[in-house]
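Peer 1: Below you will find the structure I want to go over with you.
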There are 2 protein chains.
Amino acid sequence: LREFLDNRVALLLDVSPALQQLQQVLRDFLLDGGKCLRPTFCYTGWQGAGGDPLSAGILNAAASLELLHACALIHDDIMDASDIRRGKPSVHRRLANMHSNARLRGLPDSFGTAVAILLGDLCLTWCHHMLDECGLPADAVRNAKSLSHLMITEVIAGQCLDVIEQARGFSSVERARTVIHYKTAKYTIERPLQIGAVLAGADADLLAMYSSFALPLGEAFQLRDDVLGVFGDPAETGKPVGDDLRGGKPNVLLTLAREAATTAQCAEIDTLLGDAQLGIKALDSLRETIVSTGALATVEGMITQLTNTALAVLDNARLHGDTDRLLAELAVSATSRVR
Amino acid sequence: LREFLDNRVALLLDVSPALQQLQQVLRDFLLDGGKCLRPTFCYTGWQGAGGDPLSAGILNAAASLELLHACALIHDDIMDASDIRRGKPSVHRRLANMHSNARLRGLPDSFGTAVAILLGDLCLTWCHHMLDECGLPADAVRNAKSLSHLMITEVIAGQCLDVIEQARGFSSVERARTVIHYKTAKYTIERPLQIGAVLAGADADLLAMYSSFALPLGEAFQLRDDVLGVFGDPAETGKPVGDDLRGGKPNVLLTLAREAATTAQCAEIDTLLGDAQLGIKALDSLRETIVSTGALATVEGMITQLTNTALAVLDNARLHGDTDRLLAELAVSATSRVR
């Protein structure tokens, strides 16, 4: 990734040395602090399908997913007006700070948003570029690109749905789970595994097996994320606790809490959810409701059950090398109580 | 394009019927009112290189550029907070209106911005997808994709530079011309022509000839756009007159005016430029300054000279069919005083 970036960034600096600071912001964001979950699943998917663990091509292909994810995070943080990501200022915030520090004309926030939209677009197009030129055989790359196109359409559709559900307010657990299915389960786990697999020439059976493993695990992963968003330690998650509540996202955890809430609790949730200024005291009260309605226990139960379903798929899987062990470890760490 | 969209949109509706309205907004925008300048240059570049005029593959490849342009316009309109595009509400504005009409939760503007960012991302990724699967031979597509990746990095770099220059305020005509070079000349004319040409298997000489034609023409095209932005008829341009001034863009026309302005005129430009509420009277006064400083005449002279330079390149070009005549017509219409 670093090598690819050096190469691409040289192009930017050819256009103008004035782009120096922007490329630094982008590089800092890309190379610092990501968990590389999607590249890891892609590489593991390749290994399980019998791909050569020492191939340079798969490393390029896997790293390209980190560029896609960078686009998703940069654009997401603009959409959610999130100022913190991975424990540091988000990209649009860093750019706005750059504008303020240099005392440029216009509003820092507008500048930050504009340039961050463009840097996200750049990451998205570089993702396609890096996969196109990963160096693996043309047929394998063509198949991987079909899946990658599908994955990107799915994740954007899932994000659109997320924004729409948020604007509609509470609906049903089922609808909240549809968002998770597309926005997380397919994007974070299923498609990366499958892309790695088709690059190694896997057959339809293996792709189906990866789906059976990935979809429950991906859902469990997002549910864990939702729990950590309310109860987690910001030092570990890199995000301020309660931001989902401030943003007003009716996720599975909150939808369950609201369904089981008393009238008074219900009114409290409706009042506090989406309050951008939500303080510690209100947050504590919402947490209590989430616990007392049994929503937290239900979600913990779902996480355990979904993770077990995923792990059970591995029992009958015939994967190359120690891939089943690696996938089991990833499953446990992705859904465990700490990050 | 319509066929490709039908196919992709079906995927979105598979995710959720709730995406019906969004796909309609996107489809309306894509299929209604664009000049298809980039696809036209791409197709003409193919023809000039001896490509079969009846090939379906080149139509797919050329149409993919309209998807890229849709991303650029949708994201641009967010960045510039432009509410009008092609004489109708811009995409983020349509989405915000949809939110208001349905009385959804949250702020209509935030909803419009969030979904428009996502729809722009979708267009960008569909552009790559459509070019990948245009149906032309794999080698030709690979070469075209290299150029397309380069083009997209260049245009985003040009847009970043545009935002930076705007934030820095007036600099020099030379710097304003660098922005045009990347943001318009390469993106609108040079690269589309060359992509069409490499798809038809053109050699380096033809690509160089297309550059010599395209770069001056592209600059002339943008200068014409800048003039129309201040003096044009909104019924023809589809954009409110004066928006560049309200947005505070120090383009070539304004930079020239400011360089030749009296102290009083200079102060006037600095006060009015970037005033989002700029009214008719102030606009008239700025126009007068642009005329009386000779900036308008200088830019008109540049447009004529650059267009003639481009046309002269065609005199010595050996192109297939009547491509030289088509390119000459495109050159004249792209730089003429009406749109």
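Here's how to read the names in the structure tokens: chain A, B, ... by the order shown, residue numbers from 1 in each chain, ligand numbers from 1 in the order shown.
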Taking the backbone alone, and naming residues the way the document does, which bits of segment 37-262 of chain B are alpha helix (DSSP H) by DSSP, as an NGL selection string?
Peer 2: :B and (37-48 or 56-79 or 91-101 or 108-132 or 138-168 or 173-180 or 191-199 or 204-231 or 234-237 or 243-247 or 252-259)
Peer 1: List the neighbours of Leu5 of chain A out to 8 Å using only C-alpha atoms; skip same-chain residues closer than 4 positions along the sequence, and give me the result as an NGL selection string.
Peer 2: :A and (1 or 9 or 27)
Peer 1: For Thr255 of chain A, work out the shell of residues within 10 Å, counting only C-alpha atoms and skipping chain neighbours fewer than 6 positions away, then give it as a list in words.
Peer 2: Gly169, Phe170, Ser171, Ser172, Val173, Glu174, Arg175, Ala176, Lys249, Ala261, Ile269, Ile290 and Ala295 of chain A
Peer 1: Between A:Asn251, A:Gly232, A:Leu217, A:Thr289, which one has atoms that come closest to Cys266 of chain A, using only C-alpha atoms?
Peer 2: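 So, comparing all the options, the nearest one is A:Thr289.
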Peer 1: Report as JSON, numbers by chain all protein, DNA and RNA residues lying within 8 Å of segment 60-62 of chain B, evaluated on only C-alpha atoms, omitting residues in the same chain fewer than 6 positions from it.
Peer 2: {"B": [1, 38, 39, 40, 42, 43, 130, 131, 134, 135, 192, 196]}
Peer 1: Would you write out those residues with C-alpha atoms, as a PDB file, in the first residue's frame?
Peer 2:
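Done, and the output landed in out_37.pdb:
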```pdb
ATOM      1  CA  LEU B   1     -26.286   3.746 -20.398  1.00  0.00           C
ATOM      2  CA  ARG B  38     -16.884  13.454 -22.837  1.00  0.00           C
ATOM      3  CA  PRO B  39     -18.585  10.404 -24.389  1.00  0.00           C
ATOM      4  CA  THR B  40     -18.702  12.303 -27.696  1.00  0.00           C
ATOM      5  CA  CYS B  42     -14.276   9.404 -26.620  1.00  0.00           C
ATOM      6  CA  TYR B  43     -16.336   8.059 -29.505  1.00  0.00           C
ATOM      7  CA  MET B 130     -19.038  -0.149 -17.177  1.00  0.00           C
ATOM      8  CA  LEU B 131     -15.604   0.379 -18.701  1.00  0.00           C
ATOM      9  CA  CYS B 134     -17.650  -2.705 -22.140  1.00  0.00           C
ATOM     10  CA  GLY B 135     -17.025  -5.830 -24.194  1.00  0.00           C
ATOM     11  CA  PRO B 192     -11.631  11.001 -23.456  1.00  0.00           C
ATOM     12  CA  GLY B 196     -11.323   6.129 -27.405  1.00  0.00           C
TER      13      GLY B 196
END
```
Peer 1: Excluding same-chain residues fewer than 3 positions from Trp46 of chain A, what lies within 8 Å of it counting only C-alpha atoms, as a list in words?
Peer 2: Cys42, Tyr43, Ala49, Gly50, Gly51, Asp52, Ile58, Leu193, Ile195, Gly196, Ala197, Val198, Leu199 and Ala200 of chain A
Peer 1: Got a sec: who's within 12 Å of segment 305-321 of chain A, counting only C-alpha atoms, leaving out chain neighbours fewer than 4 positions off, as number ranges by chain?
Peer 2: A: 44-53, 185, 189-190, 197, 200, 202, 205-224, 298-301, 325-336
Peer 1: Take the residues from that selection and write them out as a compact mmCIF listing (two decimals), in the first residue's frame, keeping N, CA and C atoms.
Peer 2:
```
# COMPACT_ATOMS: atom_id res chain seq x y z
N THR A 44 -6.91 -14.17 3.85
CA THR A 44 -7.25 -15.48 4.42
C THR A 44 -8.11 -16.29 3.44
N GLY A 45 -9.01 -15.59 2.75
CA GLY A 45 -9.85 -16.25 1.74
C GLY A 45 -9.00 -16.87 0.64
N TRP A 46 -7.98 -16.17 0.26
CA TRP A 46 -7.02 -16.64 -0.76
C TRP A 46 -6.28 -17.89 -0.26
N GLN A 47 -5.78 -17.79 0.96
CA GLN A 47 -5.04 -18.92 1.55
C GLN A 47 -5.91 -20.17 1.65
N GLY A 48 -7.17 -19.97 2.10
CA GLY A 48 -8.07 -21.11 2.27
C GLY A 48 -8.40 -21.78 0.95
N ALA A 49 -8.29 -21.00 -0.15
CA ALA A 49 -8.57 -21.56 -1.48
C ALA A 49 -7.31 -22.14 -2.11
N GLY A 50 -6.23 -22.16 -1.35
CA GLY A 50 -5.00 -22.77 -1.86
C GLY A 50 -4.06 -21.80 -2.55
N GLY A 51 -4.29 -20.50 -2.38
CA GLY A 51 -3.39 -19.51 -2.97
C GLY A 51 -2.04 -19.50 -2.27
N ASP A 52 -1.02 -19.15 -3.02
CA ASP A 52 0.35 -19.10 -2.50
C ASP A 52 0.48 -18.00 -1.44
N PRO A 53 0.81 -18.36 -0.19
CA PRO A 53 0.88 -17.36 0.88
C PRO A 53 1.94 -16.28 0.62
N ALA A 185 -22.01 -7.06 6.98
CA ALA A 185 -21.70 -8.49 6.85
C ALA A 185 -21.11 -8.81 5.48
N ILE A 189 -16.85 -8.87 5.55
CA ILE A 189 -16.36 -10.25 5.66
C ILE A 189 -16.65 -11.09 4.42
N GLU A 190 -17.93 -11.20 4.02
CA GLU A 190 -18.24 -12.12 2.93
C GLU A 190 -17.48 -11.81 1.64
N ALA A 197 -10.74 -15.59 -2.54
CA ALA A 197 -10.94 -16.96 -3.04
C ALA A 197 -10.96 -17.01 -4.57
N ALA A 200 -7.73 -16.88 -6.20
CA ALA A 200 -6.98 -18.14 -6.16
C ALA A 200 -7.68 -19.22 -6.98
N ALA A 202 -10.99 -20.28 -6.78
CA ALA A 202 -11.89 -21.14 -6.01
C ALA A 202 -13.16 -21.48 -6.79
N ASP A 205 -18.52 -23.91 -4.60
CA ASP A 205 -18.75 -24.49 -3.27
C ASP A 205 -18.01 -23.72 -2.19
N LEU A 206 -16.77 -23.40 -2.49
CA LEU A 206 -16.00 -22.67 -1.48
C LEU A 206 -16.59 -21.28 -1.26
N LEU A 207 -17.01 -20.62 -2.37
CA LEU A 207 -17.61 -19.29 -2.22
C LEU A 207 -18.86 -19.37 -1.34
N ALA A 208 -19.65 -20.43 -1.54
CA ALA A 208 -20.88 -20.60 -0.74
C ALA A 208 -20.53 -20.85 0.73
N MET A 209 -19.48 -21.63 0.95
CA MET A 209 -19.06 -21.92 2.33
C MET A 209 -18.60 -20.63 3.01
N TYR A 210 -17.84 -19.82 2.29
CA TYR A 210 -17.41 -18.54 2.85
C TYR A 210 -18.61 -17.66 3.21
N SER A 211 -19.64 -17.69 2.35
CA SER A 211 -20.86 -16.92 2.67
C SER A 211 -21.49 -17.40 3.97
N SER A 212 -21.63 -18.72 4.10
CA SER A 212 -22.29 -19.28 5.30
C SER A 212 -21.52 -18.91 6.57
N PHE A 213 -20.21 -18.83 6.44
CA PHE A 213 -19.40 -18.42 7.59
C PHE A 213 -19.52 -16.91 7.83
N ALA A 214 -19.44 -16.15 6.73
CA ALA A 214 -19.25 -14.70 6.84
C ALA A 214 -20.51 -13.95 7.25
N LEU A 215 -21.66 -14.37 6.74
CA LEU A 215 -22.85 -13.54 6.98
C LEU A 215 -23.26 -13.51 8.45
N PRO A 216 -23.33 -14.66 9.14
CA PRO A 216 -23.62 -14.56 10.58
C PRO A 216 -22.50 -13.85 11.35
N LEU A 217 -21.27 -14.14 10.98
CA LEU A 217 -20.16 -13.50 11.70
C LEU A 217 -20.19 -11.98 11.50
N GLY A 218 -20.47 -11.56 10.27
CA GLY A 218 -20.52 -10.12 9.98
C GLY A 218 -21.61 -9.43 10.78
N GLU A 219 -22.72 -10.14 10.93
CA GLU A 219 -23.81 -9.54 11.71
C GLU A 219 -23.39 -9.42 13.18
N ALA A 220 -22.77 -10.49 13.68
CA ALA A 220 -22.29 -10.47 15.07
C ALA A 220 -21.28 -9.35 15.28
N PHE A 221 -20.41 -9.16 14.30
CA PHE A 221 -19.39 -8.11 14.37
C PHE A 221 -20.05 -6.73 14.50
N GLN A 222 -21.08 -6.48 13.68
CA GLN A 222 -21.73 -5.17 13.73
C GLN A 222 -22.48 -4.98 15.04
N LEU A 223 -23.11 -6.07 15.53
CA LEU A 223 -23.83 -5.97 16.81
C LEU A 223 -22.84 -5.64 17.93
N ARG A 224 -21.66 -6.26 17.88
CA ARG A 224 -20.62 -5.95 18.87
C ARG A 224 -20.24 -4.48 18.76
N THR A 298 -30.17 -9.53 25.18
CA THR A 298 -30.64 -10.14 23.93
C THR A 298 -29.57 -10.03 22.85
N VAL A 299 -28.97 -8.84 22.73
CA VAL A 299 -27.96 -8.64 21.69
C VAL A 299 -26.72 -9.49 21.99
N GLU A 300 -26.33 -9.56 23.28
CA GLU A 300 -25.19 -10.42 23.62
C GLU A 300 -25.49 -11.87 23.24
N GLY A 301 -26.73 -12.28 23.47
CA GLY A 301 -27.13 -13.63 23.08
C GLY A 301 -27.05 -13.83 21.58
N ARG A 325 -8.32 -22.47 11.34
CA ARG A 325 -7.90 -21.95 12.64
C ARG A 325 -7.82 -20.41 12.59
N LEU A 326 -7.22 -19.89 11.51
CA LEU A 326 -7.13 -18.43 11.36
C LEU A 326 -8.50 -17.78 11.36
N LEU A 327 -9.43 -18.38 10.60
CA LEU A 327 -10.78 -17.80 10.53
C LEU A 327 -11.46 -17.87 11.89
N ALA A 328 -11.25 -18.94 12.61
CA ALA A 328 -11.85 -19.06 13.94
C ALA A 328 -11.30 -17.97 14.86
N GLU A 329 -10.00 -17.73 14.78
CA GLU A 329 -9.40 -16.68 15.61
C GLU A 329 -9.95 -15.30 15.24
N LEU A 330 -10.06 -15.06 13.92
CA LEU A 330 -10.62 -13.78 13.47
C LEU A 330 -12.06 -13.63 13.97
N ALA A 331 -12.82 -14.72 13.92
CA ALA A 331 -14.22 -14.67 14.34
C ALA A 331 -14.31 -14.29 15.81
N VAL A 332 -13.46 -14.88 16.62
CA VAL A 332 -13.51 -14.60 18.05
C VAL A 332 -13.06 -13.17 18.33
N SER A 333 -11.95 -12.75 17.71
CA SER A 333 -11.45 -11.41 18.03
C SER A 333 -12.39 -10.33 17.50
N ALA A 334 -13.05 -10.58 16.35
CA ALA A 334 -13.93 -9.55 15.78
C ALA A 334 -15.19 -9.35 16.59
N THR A 335 -15.54 -10.33 17.40
CA THR A 335 -16.81 -10.22 18.13
C THR A 335 -16.63 -10.16 19.64
N SER A 336 -15.36 -10.09 20.08
CA SER A 336 -15.12 -10.11 21.52
C SER A 336 -15.40 -8.74 22.15
```
Peer 1: Write out as a short mmCIF file (atom, residue, chain, number, x, y, z; two decimals) with all heavy atoms, in the first residue's frame each polymer residue whose atoms come within 12 Å of Leu286 of chain B, counting only C-alpha atoms; drop sequence neighbours fewer than 5 positions from it.
Peer 2:
```cif
data_model
loop_
_atom_site.label_atom_id
_atom_site.label_comp_id
_atom_site.auth_asym_id
_atom_site.auth_seq_id
_atom_site.Cartn_x
_atom_site.Cartn_y
_atom_site.Cartn_z
N VAL B 230 -20.40 34.55 -16.07
CA VAL B 230 -20.62 35.95 -15.66
C VAL B 230 -21.56 36.68 -16.62
O VAL B 230 -22.38 37.48 -16.20
CB VAL B 230 -19.26 36.71 -15.61
CG1 VAL B 230 -19.47 38.14 -15.14
CG2 VAL B 230 -18.29 36.00 -14.69
N PHE B 231 -21.45 36.36 -17.92
CA PHE B 231 -22.22 37.11 -18.91
C PHE B 231 -23.28 36.27 -19.62
O PHE B 231 -24.01 36.77 -20.47
CB PHE B 231 -21.27 37.67 -19.99
CG PHE B 231 -20.29 38.68 -19.46
CD1 PHE B 231 -19.02 38.30 -19.06
CD2 PHE B 231 -20.66 40.02 -19.36
CE1 PHE B 231 -18.11 39.23 -18.57
CE2 PHE B 231 -19.75 40.96 -18.87
CZ PHE B 231 -18.48 40.57 -18.47
N GLY B 242 -23.56 34.39 -12.44
CA GLY B 242 -22.87 34.98 -11.30
C GLY B 242 -22.48 34.01 -10.21
O GLY B 242 -21.86 34.39 -9.23
N LEU B 245 -18.90 33.98 -9.20
CA LEU B 245 -18.53 35.15 -8.40
C LEU B 245 -18.98 34.95 -6.95
O LEU B 245 -18.24 35.22 -6.01
CB LEU B 245 -19.18 36.41 -8.97
CG LEU B 245 -18.79 36.74 -10.43
CD1 LEU B 245 -19.67 37.86 -10.98
CD2 LEU B 245 -17.32 37.14 -10.49
N ARG B 246 -20.22 34.45 -6.80
CA ARG B 246 -20.73 34.21 -5.44
C ARG B 246 -19.87 33.18 -4.72
O ARG B 246 -19.63 33.26 -3.53
CB ARG B 246 -22.18 33.72 -5.50
CG ARG B 246 -23.15 34.80 -5.95
CD ARG B 246 -24.61 34.39 -5.88
NE ARG B 246 -25.38 35.37 -6.64
CZ ARG B 246 -25.76 35.22 -7.90
NH1 ARG B 246 -25.48 34.10 -8.55
NH2 ARG B 246 -26.42 36.17 -8.54
N LEU B 253 -10.43 34.92 -15.84
CA LEU B 253 -11.12 36.17 -16.17
C LEU B 253 -11.02 37.18 -15.03
O LEU B 253 -10.66 38.35 -15.23
CB LEU B 253 -12.59 35.84 -16.47
CG LEU B 253 -13.52 36.97 -16.89
CD1 LEU B 253 -13.09 37.54 -18.25
CD2 LEU B 253 -14.97 36.48 -16.97
N LEU B 254 -11.31 36.73 -13.82
CA LEU B 254 -11.30 37.64 -12.68
C LEU B 254 -9.88 38.03 -12.28
O LEU B 254 -9.63 39.15 -11.85
CB LEU B 254 -12.00 36.99 -11.49
CG LEU B 254 -13.51 36.94 -11.66
CD1 LEU B 254 -14.12 35.94 -10.69
CD2 LEU B 254 -14.09 38.33 -11.42
N ALA B 257 -8.85 40.70 -14.59
CA ALA B 257 -9.56 41.95 -14.27
C ALA B 257 -8.89 42.61 -13.06
O ALA B 257 -8.62 43.82 -13.06
CB ALA B 257 -11.02 41.67 -14.00
N ARG B 258 -8.59 41.80 -12.06
CA ARG B 258 -8.04 42.36 -10.83
C ARG B 258 -6.64 42.92 -11.06
O ARG B 258 -6.26 43.95 -10.49
CB ARG B 258 -8.02 41.30 -9.72
CG ARG B 258 -7.81 41.89 -8.34
CD ARG B 258 -8.04 40.85 -7.27
NE ARG B 258 -7.77 41.38 -5.95
CZ ARG B 258 -6.55 41.56 -5.46
NH1 ARG B 258 -5.49 41.26 -6.20
NH2 ARG B 258 -6.38 42.05 -4.24
N ALA B 261 -7.03 46.30 -12.63
CA ALA B 261 -8.03 47.17 -12.01
C ALA B 261 -7.40 48.38 -11.32
O ALA B 261 -6.23 48.35 -10.91
CB ALA B 261 -8.85 46.36 -10.99
N ALA B 264 -9.72 51.37 -6.62
CA ALA B 264 -11.13 51.31 -6.21
C ALA B 264 -11.78 50.04 -6.75
O ALA B 264 -12.54 49.35 -6.04
CB ALA B 264 -11.87 52.54 -6.72
N GLN B 265 -11.49 49.73 -8.02
CA GLN B 265 -12.08 48.52 -8.61
C GLN B 265 -11.59 47.26 -7.89
O GLN B 265 -12.34 46.32 -7.66
CB GLN B 265 -11.72 48.44 -10.10
CG GLN B 265 -12.49 49.43 -10.98
CD GLN B 265 -11.96 49.44 -12.41
OE1 GLN B 265 -10.75 49.27 -12.63
NE2 GLN B 265 -12.86 49.65 -13.37
N CYS B 266 -10.32 47.30 -7.56
CA CYS B 266 -9.70 46.19 -6.84
C CYS B 266 -10.42 45.94 -5.53
O CYS B 266 -10.76 44.80 -5.19
CB CYS B 266 -8.25 46.56 -6.57
SG CYS B 266 -7.12 45.22 -6.80
N ALA B 267 -10.64 47.00 -4.80
CA ALA B 267 -11.33 46.89 -3.51
C ALA B 267 -12.75 46.35 -3.73
O ALA B 267 -13.24 45.52 -2.94
CB ALA B 267 -11.38 48.25 -2.84
N GLU B 268 -13.38 46.80 -4.80
CA GLU B 268 -14.74 46.34 -5.10
C GLU B 268 -14.74 44.82 -5.37
O GLU B 268 -15.57 44.07 -4.85
CB GLU B 268 -15.29 47.09 -6.32
CG GLU B 268 -16.76 46.76 -6.59
CD GLU B 268 -17.18 47.03 -8.03
OE1 GLU B 268 -16.29 47.10 -8.91
OE2 GLU B 268 -18.38 47.15 -8.27
N ILE B 269 -13.80 44.39 -6.19
CA ILE B 269 -13.71 42.96 -6.50
C ILE B 269 -13.51 42.16 -5.21
O ILE B 269 -14.20 41.18 -4.95
CB ILE B 269 -12.56 42.67 -7.49
CG1 ILE B 269 -12.85 43.29 -8.85
CG2 ILE B 269 -12.34 41.16 -7.63
CD1 ILE B 269 -11.72 43.13 -9.87
N ASP B 270 -12.58 42.63 -4.38
CA ASP B 270 -12.28 41.89 -3.16
C ASP B 270 -13.47 41.83 -2.21
O ASP B 270 -13.65 40.86 -1.48
CB ASP B 270 -11.07 42.50 -2.45
CG ASP B 270 -9.78 42.22 -3.22
OD1 ASP B 270 -9.81 41.34 -4.11
OD2 ASP B 270 -8.77 42.89 -2.96
N THR B 271 -14.28 42.90 -2.22
CA THR B 271 -15.45 42.91 -1.34
C THR B 271 -16.55 42.00 -1.88
O THR B 271 -17.18 41.25 -1.13
CB THR B 271 -16.03 44.34 -1.24
OG1 THR B 271 -14.95 45.22 -0.95
CG2 THR B 271 -17.08 44.43 -0.15
N LEU B 272 -16.80 42.10 -3.19
CA LEU B 272 -17.97 41.41 -3.75
C LEU B 272 -17.71 39.94 -4.04
O LEU B 272 -18.62 39.11 -3.96
CB LEU B 272 -18.44 42.12 -5.03
CG LEU B 272 -18.95 43.55 -4.82
CD1 LEU B 272 -19.38 44.16 -6.15
CD2 LEU B 272 -20.14 43.55 -3.85
N LEU B 273 -16.47 39.61 -4.40
CA LEU B 273 -16.18 38.22 -4.76
C LEU B 273 -16.36 37.31 -3.55
O LEU B 273 -15.79 37.55 -2.49
CB LEU B 273 -14.76 38.09 -5.30
CG LEU B 273 -14.48 36.72 -5.92
CD1 LEU B 273 -15.21 36.56 -7.24
CD2 LEU B 273 -13.00 36.53 -6.13
N LEU B 278 -24.70 38.02 -3.49
CA LEU B 278 -24.44 38.97 -4.57
C LEU B 278 -25.69 39.21 -5.44
O LEU B 278 -26.21 38.29 -6.07
CB LEU B 278 -23.30 38.43 -5.44
CG LEU B 278 -22.69 39.37 -6.46
CD1 LEU B 278 -21.78 40.37 -5.77
CD2 LEU B 278 -21.88 38.57 -7.49
N GLY B 279 -26.16 40.48 -5.50
CA GLY B 279 -27.38 40.78 -6.26
C GLY B 279 -27.08 41.28 -7.66
O GLY B 279 -25.92 41.40 -8.07
N ILE B 280 -28.14 41.61 -8.39
CA ILE B 280 -28.04 42.03 -9.79
C ILE B 280 -27.18 43.28 -9.93
O ILE B 280 -26.35 43.39 -10.84
CB ILE B 280 -29.45 42.37 -10.36
CG1 ILE B 280 -30.39 41.18 -10.25
CG2 ILE B 280 -29.34 42.87 -11.78
CD1 ILE B 280 -30.40 40.28 -11.44
N LYS B 281 -27.37 44.23 -9.02
CA LYS B 281 -26.68 45.50 -9.16
C LYS B 281 -25.17 45.33 -9.01
O LYS B 281 -24.38 45.82 -9.82
CB LYS B 281 -27.21 46.49 -8.10
CG LYS B 281 -27.35 47.89 -8.64
CD LYS B 281 -28.04 48.80 -7.64
CE LYS B 281 -27.35 50.16 -7.64
NZ LYS B 281 -27.92 51.04 -6.61
N VAL B 291 -15.22 44.30 -18.08
CA VAL B 291 -15.15 44.83 -19.44
C VAL B 291 -14.15 45.99 -19.50
O VAL B 291 -13.25 46.01 -20.35
CB VAL B 291 -16.54 45.31 -19.92
CG1 VAL B 291 -16.43 46.00 -21.29
CG2 VAL B 291 -17.50 44.14 -20.01
N SER B 292 -14.28 46.95 -18.56
CA SER B 292 -13.48 48.17 -18.68
C SER B 292 -11.99 47.93 -18.44
O SER B 292 -11.14 48.65 -18.95
CB SER B 292 -14.00 49.25 -17.72
OG SER B 292 -13.71 48.89 -16.39
N THR B 293 -11.65 46.89 -17.65
CA THR B 293 -10.23 46.57 -17.46
C THR B 293 -9.64 45.87 -18.67
O THR B 293 -8.44 45.61 -18.72
CB THR B 293 -10.03 45.62 -16.25
OG1 THR B 293 -10.91 44.50 -16.43
CG2 THR B 293 -10.33 46.30 -14.94
N ALA B 295 -10.28 42.82 -19.38
CA ALA B 295 -10.14 41.38 -19.09
C ALA B 295 -10.99 40.54 -20.04
O ALA B 295 -10.55 39.50 -20.54
CB ALA B 295 -10.51 41.09 -17.64
N LEU B 296 -12.21 41.00 -20.29
CA LEU B 296 -13.09 40.24 -21.18
C LEU B 296 -12.48 40.11 -22.57
O LEU B 296 -12.43 39.02 -23.15
CB LEU B 296 -14.48 40.88 -21.25
CG LEU B 296 -15.46 40.15 -22.18
CD1 LEU B 296 -15.74 38.73 -21.69
CD2 LEU B 296 -16.78 40.92 -22.30
#
```
Peer 1: For each of B:Leu136, B:Cys36, B:Ala144, B:Leu22, take the minimum atom-to-atom distance to chain A, counting only C-alpha atoms, then give the residue where this is smallest.
Peer 2: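 Answer, going by the shortest atom-to-atom distance: B:Leu22.
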Peer 1: Please report, as a VMD selection string, each residue of segment 35-226 of chain B to which DSSP assigns strand (DSSP E or B) when run on this structure's backbone.
Peer 2: chain B and resid 84 to 85 88 to 89
Peer 1: For chain A, which residue among B:Val91, B:Val179, B:Leu59, B:Leu31 is the nearest when counting only C-alpha atoms?
Peer 2: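 The shortest atom-to-atom distance to chain A comes from B:Val179.
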Peer 1: In terms of the shortest atom-to-atom distance over only C-alpha atoms, which of B:Ala138, B:Cys71, B:Leu95, B:Val115 is closest to Gly57 of chain B?
Peer 2: B:Ala138
Peer 1: Would you mind telling me which residue in B:Gln166, B:Ser55, B:Gln159, B:Ser100 lies nearest to Asp244 of chain B when using only C-alpha atoms?
Peer 2: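 Among B:Gln166, B:Ser55, B:Gln159, B:Ser100, it is B:Gln166 that comes nearest to Asp244 of chain B.
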Peer 1: Restricting the calculation to only C-alpha atoms, which member of A:Leu256, A:Leu150, A:Leu104, A:Leu283 is positioned closest to chain B?
Peer 2: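 Between A:Leu256, A:Leu150, A:Leu104, A:Leu283, the residue approaching chain B most closely is A:Leu104.
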